[in-house]
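Novice: Sharing a structure below in structure tokens format, with a few things to ask.
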Amino acid sequence: MSYSDAEPISTPPDGRTDRPQPRWRRDFPIDWPQDEYVSRRDFTKFVVLTSLAFTVGQFWILLQNSWRRGQKALPIVAIVPVDALAIGESQVFTYPTEGDPCILVRLGEDSFVAYDRLCTHLLCPVLPKPEHGQLHCPCHEGYFDLSTGRPIAGPPQRPLARITLEIRSGTVYATGKTLSTS
Ligand code: FES
């Protein structure tokens, strides 16, 4: 940049003209108002792009949700014969695919619950503690309510996905998966 540029350089902070300014100011004649103008423009660009990214993200989530709702039903898979588990015992299984570890716990005579086995914090496998009515994640001392899957202590904030169950002819079947904890 030279002093003869068409765009005028603003007055230096000390109010003196360009000539008596120190060498460093003449070598780097920053036009502060112009500089602020660019910053404001960059900031506006940043705000617009951030808002756009946020809006696109929201649409993506909506799209995923409607896509999931439109998905075909999950398979019905036999887990274990009712008699094979005593009250308080548990069984690890996979559902709906071989890569989805789950855990089934028998709570009572005709009462079973099953959840995704991976902790909603950082995906460690949870362990049933039926004597305390909890599922325990030993990685960071996370706890979930055994009867609902809701987080009750430690880092996890989201409930475990629940596997819906049916008992047919003396066998416990997995019939679907839901995030509902009721
Ligand atoms: S992974 Fe379960 S509490 Fe951190």
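The way I read the labels, and the way they are meant: chains A, B, ... in the order of the structure tokens, residue 1 as the first residue of every chain, and ligand 1 as the first ligand shown, with later ones counted on from there.
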Write out as a CSV table (one decimal) with C-alpha atoms, in the first residue's frame all residues of region 4-182 of chain A that backbone DSSP assigns to strand (DSSP E).
Specialist:
chain,number,residue,atom,x,y,z
A,77,VAL,CA,-36.0,-62.7,17.3
A,78,ALA,CA,-36.0,-65.4,20.0
A,79,ILE,CA,-33.7,-64.5,22.9
A,80,VAL,CA,-34.0,-67.2,25.5
A,81,PRO,CA,-36.5,-69.7,26.9
A,90,SER,CA,-29.5,-61.7,32.8
A,91,GLN,CA,-28.7,-62.7,29.3
A,92,VAL,CA,-26.5,-60.9,26.7
A,93,PHE,CA,-27.8,-61.0,23.2
A,94,THR,CA,-27.6,-59.0,20.0
A,101,PRO,CA,-25.2,-55.9,21.9
A,102,CYS,CA,-28.2,-55.9,24.2
A,103,ILE,CA,-28.9,-57.2,27.7
A,104,LEU,CA,-32.0,-58.9,29.0
A,105,VAL,CA,-32.8,-59.1,32.7
A,106,ARG,CA,-35.6,-61.0,34.4
A,107,LEU,CA,-37.1,-58.8,37.0
A,108,GLY,CA,-40.0,-61.1,38.1
A,111,SER,CA,-41.3,-59.5,34.0
A,112,PHE,CA,-38.4,-59.0,31.7
A,113,VAL,CA,-36.6,-55.8,30.5
A,114,ALA,CA,-34.0,-55.5,27.8
A,115,TYR,CA,-31.8,-52.6,26.7
A,116,ASP,CA,-29.0,-51.6,24.4
A,127,LEU,CA,-23.7,-54.5,33.8
A,128,PRO,CA,-26.9,-55.4,35.5
A,129,LYS,CA,-27.2,-54.9,39.3
A,134,GLN,CA,-29.7,-50.6,38.4
A,135,LEU,CA,-27.5,-51.1,35.4
A,136,HIS,CA,-23.9,-50.0,36.1
A,137,CYS,CA,-21.3,-48.7,33.7
A,142,GLY,CA,-22.6,-44.3,35.3
A,143,TYR,CA,-25.9,-45.8,36.6
A,144,PHE,CA,-29.2,-46.4,34.8
A,145,ASP,CA,-32.6,-47.3,36.3
A,151,PRO,CA,-29.7,-42.4,33.6
A,152,ILE,CA,-29.7,-41.8,37.4
A,153,ALA,CA,-26.1,-41.1,38.2
A,162,ARG,CA,-35.2,-50.2,25.2
A,163,ILE,CA,-35.8,-53.5,23.4
A,164,THR,CA,-39.5,-54.3,23.3
A,165,LEU,CA,-40.2,-57.9,24.3
A,166,GLU,CA,-42.9,-60.5,24.0
A,167,ILE,CA,-43.3,-63.9,25.6
A,168,ARG,CA,-44.5,-66.5,23.1
A,171,THR,CA,-39.7,-68.0,25.0
A,172,VAL,CA,-38.7,-64.4,25.3
A,173,TYR,CA,-38.6,-62.6,21.9
A,174,ALA,CA,-37.2,-59.2,20.9
A,175,THR,CA,-39.8,-57.4,18.8
A,176,GLY,CA,-38.4,-53.9,18.3
A,177,LYS,CA,-36.4,-51.0,19.8
A,178,THR,CA,-37.6,-47.8,21.2
Novice: Could you give me, as CSV, every chain A residue with an atom at most 10 Å from ligand 1, plus its closest atom pair and distance in Å to one decimal, counting only C-alpha atoms and all ligand atoms, rows ordered by chain then number?
Specialist:
residue,atom,partner,partner_atom_place_in_ligand_line,distance
A:Leu118,CA,ligand 1,2 (Fe),7.7
A:Cys119,CA,ligand 1,2 (Fe),4.6
A:Thr120,CA,ligand 1,2 (Fe),6.5
A:His121,CA,ligand 1,1 (S),4.6
A:Leu122,CA,ligand 1,1 (S),3.8
A:Leu123,CA,ligand 1,1 (S),5.0
A:Cys124,CA,ligand 1,1 (S),4.5
A:Pro125,CA,ligand 1,2 (Fe),7.4
A:Val126,CA,ligand 1,2 (Fe),7.1
A:His136,CA,ligand 1,2 (Fe),8.0
A:Cys137,CA,ligand 1,2 (Fe),4.6
A:Pro138,CA,ligand 1,2 (Fe),6.6
A:Cys139,CA,ligand 1,4 (Fe),5.1
A:His140,CA,ligand 1,3 (S),4.0
A:Glu141,CA,ligand 1,3 (S),5.3
A:Gly142,CA,ligand 1,3 (S),4.0
A:Tyr143,CA,ligand 1,3 (S),7.4
A:Phe144,CA,ligand 1,2 (Fe),9.7
A:Pro151,CA,ligand 1,3 (S),9.7
A:Ala153,CA,ligand 1,3 (S),8.9
A:Gly154,CA,ligand 1,3 (S),6.2
A:Pro155,CA,ligand 1,3 (S),5.3
A:Pro156,CA,ligand 1,3 (S),5.6
A:Gln157,CA,ligand 1,3 (S),9.4
Novice: Would you save the residues of that selection, restricted to C-alpha atoms, as a compact mmCIF listing (two decimals), in the first residue's frame?
Specialist:
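The result, stored in again22.txt:
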# COMPACT_ATOMS: atom_id res chain seq x y z
CA LEU A 118 -23.71 -49.87 25.33
CA CYS A 119 -23.64 -46.96 27.73
CA THR A 120 -24.94 -43.71 26.25
CA HIS A 121 -21.88 -41.86 27.57
CA LEU A 122 -18.92 -43.47 25.78
CA LEU A 123 -20.27 -46.89 24.77
CA CYS A 124 -18.86 -49.13 27.50
CA PRO A 125 -20.97 -52.26 28.16
CA VAL A 126 -23.30 -51.85 31.12
CA HIS A 136 -23.94 -50.05 36.12
CA CYS A 137 -21.34 -48.72 33.71
CA PRO A 138 -17.93 -49.33 35.30
CA CYS A 139 -16.01 -47.06 32.91
CA HIS A 140 -17.01 -43.78 34.59
CA GLU A 141 -19.42 -44.96 37.28
CA GLY A 142 -22.59 -44.33 35.31
CA TYR A 143 -25.87 -45.78 36.55
CA PHE A 144 -29.21 -46.42 34.82
CA PRO A 151 -29.70 -42.40 33.62
CA ALA A 153 -26.07 -41.11 38.24
CA GLY A 154 -22.70 -40.41 36.66
CA PRO A 155 -21.93 -38.95 33.24
CA PRO A 156 -24.66 -40.52 31.06
CA GLN A 157 -27.37 -38.03 30.08
Novice: Calculate how many Å separate CA of Ala84 (chain A) from CA of Leu146 (chain A), rounding to one decimal.
Specialist: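 Value for the CA of Ala84 (chain A)-CA of Leu146 (chain A) distance: 20.1 Å.
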Novice: So what do you get for CA of Ser51 (chain A) versus CA of Arg158 (chain A), distance-wise?
Specialist: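 Separating CA of Ser51 (chain A) from CA of Arg158 (chain A) is a distance of 26.2 Å.
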Novice: What is the distance, in Å and to one decimal place, between CA of Ala161 (chain A) and CA of Thr55 (chain A)?
Specialist: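 Interatomic distance here is 27.0 Å.
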Novice: Using only C-alpha atoms, pick whichever of A:Thr44, A:Asp14, A:Leu52, A:Gly99 has the shortest atom-to-atom distance to Arg117 (chain A).
Specialist: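 Checking each of A:Thr44, A:Asp14, A:Leu52, A:Gly99 against Arg117 (chain A), counting only C-alpha atoms, the winner is A:Gly99.
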